[in-house]
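Asks: One file is attached below, structure.cif, containing mmCIF, C-alpha atoms.
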data_model
#
loop_
_atom_site.label_atom_id
_atom_site.label_comp_id
_atom_site.auth_asym_id
_atom_site.auth_seq_id
_atom_site.Cartn_x
_atom_site.Cartn_y
_atom_site.Cartn_z
CA MET R 1 -3.57 12.19 -2.24
CA GLU R 2 -0.58 11.05 -0.22
CA VAL R 3 -0.27 7.34 0.62
CA VAL R 4 2.68 6.19 2.72
CA PHE R 5 3.89 2.58 2.84
CA TRP R 6 5.73 1.61 6.01
CA SER R 7 6.63 -1.58 7.85
CA PRO R 8 7.38 -2.01 11.57
CA ALA R 9 9.95 -4.70 10.73
CA ARG R 10 12.08 -6.08 7.94
CA GLY R 11 10.32 -8.32 5.47
CA GLY R 12 7.24 -6.14 5.01
CA GLN R 13 8.03 -5.74 1.30
CA THR R 14 6.86 -2.14 1.18
CA THR R 15 8.42 -1.40 -2.23
CA ARG R 16 6.90 -4.44 -3.90
CA ASN R 17 3.46 -3.86 -2.41
CA MET R 18 3.54 -0.18 -3.34
CA LYS R 19 4.33 -1.04 -6.96
CA ILE R 20 1.61 -3.71 -7.16
CA LEU R 21 -1.10 -1.33 -5.94
CA ALA R 22 0.17 1.63 -7.98
CA ASN R 23 -0.01 -0.53 -11.11
CA ILE R 24 -3.64 -1.44 -10.42
CA TYR R 25 -4.52 2.23 -9.90
CA ARG R 26 -2.89 3.10 -13.23
CA ILE R 27 -4.10 0.19 -15.33
CA ARG R 28 -7.59 -0.43 -13.96
CA TYR R 29 -8.61 3.15 -13.15
CA GLY R 30 -6.33 5.22 -15.37
CA MET R 31 -5.09 7.22 -12.39
CA GLN R 32 -1.96 9.30 -12.16
CA VAL R 33 0.24 7.72 -9.52
CA ARG R 34 3.73 8.94 -8.76
CA THR R 35 5.81 6.52 -6.70
CA PHE R 36 8.81 7.40 -4.57
CA GLU R 37 10.97 4.47 -3.48
CA ASN R 38 13.13 6.93 -1.56
CA TYR R 39 11.17 8.98 0.98
CA GLU R 40 14.10 11.38 1.34
CA ALA R 41 13.84 12.22 -2.36
CA TYR R 42 10.11 12.73 -1.87
CA GLY R 43 10.85 15.14 0.97
CA LYS R 44 12.88 17.31 -1.41
CA TYR R 45 10.15 17.06 -4.07
CA HIS R 46 7.49 18.11 -1.58
CA PHE R 47 9.64 21.00 -0.36
CA MET R 48 10.00 22.29 -3.93
CA GLU R 49 6.23 22.04 -4.38
CA ASN R 50 5.72 24.27 -1.37
CA MET R 51 8.33 26.70 -2.63
CA GLN R 52 6.35 26.95 -5.86
CA LYS R 53 3.17 27.51 -3.81
CA GLN R 54 1.44 24.40 -5.13
CA ASN R 55 -1.15 22.78 -2.91
CA ARG R 56 -0.61 19.02 -2.85
CA GLN R 57 -4.23 18.34 -1.79
CA LYS R 58 -5.51 20.03 -4.95
CA LYS R 59 -3.17 18.30 -7.34
CA LYS R 60 -4.60 15.46 -9.37
CA GLY R 61 -3.46 11.92 -8.84
CA HIS R 62 -1.86 10.02 -6.02
CA VAL R 63 1.60 10.04 -4.50
CA PHE R 64 2.86 6.74 -3.07
CA VAL R 65 5.86 7.01 -0.75
CA ASP R 66 7.98 4.06 0.40
CA CYS R 67 9.33 4.50 3.93
CA ARG R 68 10.51 0.89 4.18
CA ASN R 69 10.96 -0.04 7.86
CA ASP R 70 12.90 3.11 8.74
CA ARG R 71 12.37 4.91 12.01
CA ASN R 72 13.37 8.56 12.10
CA ARG R 73 11.87 12.02 12.39
CA GLN R 74 11.15 12.37 8.68
CA VAL R 75 9.30 9.04 8.58
CA TRP R 76 7.24 9.95 11.66
CA ARG R 77 6.26 13.24 10.02
CA LEU R 78 5.15 11.42 6.88
CA LEU R 79 3.12 8.92 8.90
CA GLN R 80 1.36 11.73 10.74
CA ARG R 81 0.43 13.86 7.73
CA ALA R 82 -0.39 11.20 5.09
CA ASP R 83 -3.96 10.80 3.89
CA THR R 84 -3.53 7.03 4.22
CA VAL R 85 -0.79 4.88 5.73
CA VAL R 86 -0.37 1.28 4.58
CA ILE R 87 1.21 -0.76 7.36
CA ASN R 88 3.03 -3.68 5.72
CA PHE R 89 3.50 -6.75 7.90
CA PRO R 90 5.65 -9.78 7.20
CA GLN R 91 4.07 -13.16 7.94
CA GLU R 92 5.19 -13.07 11.58
CA TYR R 93 2.70 -12.92 14.44
CA PRO R 94 5.17 -11.37 16.97
CA VAL R 95 5.67 -8.40 14.62
CA LEU R 96 1.93 -7.73 14.51
CA LEU R 97 1.61 -8.11 18.26
CA ASN R 98 4.48 -5.72 18.95
CA TYR R 99 3.09 -3.15 16.52
CA PHE R 100 -0.34 -3.04 18.12
CA GLN R 101 1.22 -2.73 21.55
CA ASN R 102 3.67 0.02 20.54
CA HIS R 103 2.45 1.65 17.35
CA PRO R 104 3.41 5.17 16.20
CA ARG R 105 0.94 8.02 16.03
CA ILE R 106 -0.95 8.14 12.72
CA SER R 107 -3.55 10.81 11.94
CA GLY R 108 -5.02 9.63 8.63
CA ASN R 109 -6.57 6.38 7.44
CA ILE R 110 -4.71 3.14 8.16
CA PHE R 111 -4.71 0.01 6.03
CA TYR R 112 -3.11 -3.18 7.35
CA LEU R 113 -1.45 -5.31 4.68
CA ILE R 114 0.16 -8.71 5.23
CA SER R 115 2.54 -9.93 2.54
CA ASN R 116 3.34 -13.29 1.03
CA SER R 117 1.02 -15.50 3.00
CA PRO R 118 2.08 -19.11 2.24
CA SER R 119 -1.22 -20.54 3.46
CA ASP R 120 -4.85 -19.64 2.83
CA PRO R 121 -4.96 -15.81 2.80
CA MET R 122 -8.61 -15.64 3.80
CA ASP R 123 -8.03 -17.80 6.88
CA ASN R 124 -5.10 -15.63 7.94
CA GLU R 125 -7.03 -12.44 7.36
CA LYS R 126 -9.94 -13.65 9.49
CA ILE R 127 -7.58 -14.67 12.29
CA TYR R 128 -5.79 -11.32 12.30
CA ARG R 129 -9.05 -9.39 12.22
CA ARG R 130 -10.42 -11.35 15.15
CA VAL R 131 -7.27 -11.19 17.30
CA PHE R 132 -6.55 -7.50 16.71
CA ARG R 133 -10.19 -6.39 16.31
CA LEU R 134 -9.79 -5.01 12.81
CA GLU R 135 -12.49 -4.33 10.24
CA ALA R 136 -12.57 -6.17 6.91
CA GLU R 137 -12.40 -2.84 5.05
CA GLU R 138 -9.02 -1.98 6.59
CA THR R 139 -7.18 -5.29 6.13
CA GLY R 140 -5.77 -7.34 3.29
CA VAL R 141 -3.47 -10.31 2.71
CA ILE R 142 -1.43 -10.77 -0.47
CA PRO R 143 -1.07 -14.48 -1.25
CA TYR R 144 2.27 -15.82 -2.38
CA ASP R 145 2.45 -16.44 -6.13
CA VAL R 146 5.59 -18.04 -7.56
CA ARG R 147 4.85 -16.86 -11.09
CA PHE R 148 4.40 -13.22 -10.13
CA GLU R 149 7.56 -13.27 -8.02
CA HIS R 150 9.40 -14.51 -11.10
CA TYR R 151 8.10 -11.63 -13.24
CA TYR R 152 8.71 -9.09 -10.49
CA ALA R 153 12.32 -10.22 -10.04
CA LYS R 154 12.84 -9.71 -13.78
CA LYS R 155 11.22 -6.24 -13.56
CA GLN R 156 8.24 -7.44 -15.60
CA GLY R 157 5.62 -7.15 -12.86
CA PHE R 158 3.83 -4.19 -14.47
CA ALA R 159 3.50 -5.96 -17.83
CA CYS R 160 2.18 -9.08 -16.11
CA GLN R 161 -0.42 -7.15 -14.10
CA LYS R 162 -1.51 -5.32 -17.25
CA SER R 163 -2.09 -8.64 -19.00
CA VAL R 164 -4.09 -10.02 -16.07
CA ILE R 165 -6.37 -6.97 -15.86
CA LYS R 166 -6.98 -7.13 -19.61
CA GLY R 167 -8.00 -10.77 -19.29
CA GLU R 168 -4.81 -12.12 -20.80
CA PRO R 169 -3.34 -14.37 -18.06
CA CYS R 170 0.45 -14.38 -17.74
CA GLY R 171 0.50 -17.48 -15.58
CA VAL R 172 -0.31 -15.69 -12.32
CA GLY R 173 -2.85 -17.45 -10.13
CA GLU R 174 -6.42 -16.19 -9.99
CA GLU R 175 -6.20 -15.85 -6.22
CA PHE R 176 -3.27 -13.44 -6.40
CA ALA R 177 -4.99 -11.32 -9.05
CA ALA R 178 -8.30 -11.24 -7.15
CA LYS R 179 -6.79 -10.43 -3.76
CA THR R 180 -4.51 -7.64 -4.99
CA PHE R 181 -7.41 -6.05 -6.88
CA GLU R 182 -9.60 -6.33 -3.78
CA ILE R 183 -6.92 -4.62 -1.68
CA ALA R 184 -6.59 -1.79 -4.21
CA VAL R 185 -10.35 -1.18 -4.10
CA LYS R 186 -10.39 -1.16 -0.29
CA LEU R 187 -7.55 1.35 -0.28
CA LEU R 188 -9.31 3.55 -2.82
CA LYS R 189 -12.54 3.51 -0.84
CA MET R 190 -10.75 5.11 2.09
CA ASN R 191 -10.34 8.34 0.12
CA CYS R 192 -12.60 8.08 -2.93
CA VAL R 193 -16.33 7.86 -3.66
CA PHE R 194 -17.75 4.66 -5.17
CA GLU R 195 -21.19 3.80 -6.49
CA GLY R 196 -21.34 0.09 -5.86
CA ASP R 197 -18.08 -1.22 -7.30
CA THR R 198 -17.69 1.68 -9.73
CA LEU R 199 -15.30 4.51 -8.94
CA TYR R 200 -17.30 7.74 -9.06
CA TYR R 201 -14.95 10.43 -7.78
CA CYS R 202 -11.45 10.59 -6.37
#
Now that the file is in, can you turn its structure into structure tokens?
Replies:
Amino acid sequence: MEVVFWSPARGGQTTRNMKILANIYRIRYGMQVRTFENYEAYGKYHFMENMQKQNRQKKKGHVFVDCRNDRNRQVWRLLQRADTVVINFPQEYPVLLNYFQNHPRISGNIFYLISNSPSDPMDNEKIYRRVFRLEAEETGVIPYDVRFEHYYAKKQGFACQKSVIKGEPCGVGEEFAAKTFEIAVKLLKMNCVFEGDTLYYC
């Protein structure tokens, strides 16, 4: 499964968001997730797969690709062929407005993710859904959490998330933990089969 993270502007924090969600996939669901912070490196990896006649759709696990806010032919190709594209927005209304007026062509599923909301994330999410006519299942807002940002800056984000999921708080707020987990589940449900809240097949 190929999931591409892209932002229409600077400040979308694609790399950070990709790592947060990949960690939840790995820790909570035991999934194989390979992350590429450099989409050009992923292009070479994918080319070698094809040379070896391996079918990426049949391979187990997920591939997360970070396209940052770049705009070029390779990025457009990735956006068009990905199973799911996560559009990462900074907390700036003009960026969202411009995107929905001039968005690129995307063939697969689309998830809209807004980063580092300093105010109530639920209020913001409801506003964005109403203004841009989005469904709850395709949107998410990551609340700002000072403690997590501290761990992430020290490259300890994975260890912190692991502690939270195991019920051993590392100082991160409950809201951050709950919202990021909720976003991961929404993203999974775009490509996987659930029975209630239990992952059945992916």
Asks: So, with only C-alpha atoms as the atoms that count, which of R:Gly61, R:Gly30, R:Gly12, R:Pro143 lies closest to Glu175 in chain R?
Replies: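 For Glu175 in chain R, the nearest of the given residues is R:Pro143.
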Asks: May I ask for the distance between CA of Asn88 in chain R and CA of Cys202 in chain R, given in Å to one decimal place?
Replies: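 Going from CA of Asn88 in chain R over to CA of Cys202 in chain R, I get 23.7 Å.
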Asks: Apply the PyMOL selection byres ((chain R and resi 80) around 9) to the structure shown and report the selected residues as a ChimeraX atom specification.
Replies: /R:75-79,81-83,85,104-108
Asks: Go through the shown structure with the PyMOL selection byres ((chain R and resi 3-5) around 6) and write out the matching residues as a PyMOL selection string.
Replies: chain R and resi 2+6+14+64-67+82+84-86
Asks: Just to confirm, what's the straight-line distance from CA of Asn109 in chain R to CA of Ala136 in chain R in Å (one decimal)?
Replies: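 Rounded to one decimal, the two atoms are 13.9 Å apart.
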Asks: As a tab-separated table (two decimals) with C-alpha atoms, in the frame of the given file, please: the residues near Gly11 in chain R (cut-off 10 Å, only C-alpha atoms, same-chain neighbours under 4 positions excluded).
Replies:
chain	number	residue	atom	x	y	z
R	7	SER	CA	6.63	-1.58	7.85
R	68	ARG	CA	10.51	0.89	4.18
R	69	ASN	CA	10.96	-0.04	7.86
R	88	ASN	CA	3.03	-3.68	5.72
R	89	PHE	CA	3.50	-6.75	7.90
R	90	PRO	CA	5.65	-9.78	7.20
R	91	GLN	CA	4.07	-13.16	7.94
R	92	GLU	CA	5.19	-13.07	11.58
R	115	SER	CA	2.54	-9.93	2.54
R	116	ASN	CA	3.34	-13.29	1.03
Asks: Do a neighbour search on Thr139 in chain R at 10 Å with only C-alpha atoms, toss out local chain neighbours closer than 5 positions, and write the hits as a list in words.
Replies: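 Surrounding residues, per the criterion: Val86, Ile87, Ile110, Phe111, Tyr112, Leu113, Ile114, Glu125, Lys126, Tyr128, Arg129, Leu134, Ile183, Lys186 and Leu187 of chain R.
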Asks: In Å, with one decimal, what is the gap from CA of Ala159 in chain R to CA of Gly171 in chain R?
Replies: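 Spanning CA of Ala159 in chain R to CA of Gly171 in chain R is a straight-line distance of 12.1 Å.
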Asks: From the set R:Pro8, R:Val193, R:Gln161, R:Arg147, which residue has the shortest atom-to-atom contact distance to Phe181 in chain R, counting all atoms listed in the file?
Replies: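 Using all atoms listed in the file, Phe181 in chain R sits closest to R:Gln161.
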Asks: Please expand the PyMOL selection byres ((chain R and resi 19) around 12) into the concrete residues it hits in this file, giving the result as a PyMOL selection string.
Replies: chain R and resi 5+13-18+20-27+33-37+63-66+152+155-159+161+180+184
Asks: Determine the nearest neighbour of Phe100 in chain R from the options R:Arg73, R:Asn191, R:Ala178, R:Arg133, counting all atoms listed in the file.
Replies: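 Using all atoms listed in the file, Phe100 in chain R sits closest to R:Arg133.
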Asks: Contacts of Tyr200 in chain R at 12 Å or less, counting all atoms listed in the file, minus same-chain residues fewer than 4 places along, as number ranges by chain?
Replies: R: 29, 188-189, 191-196
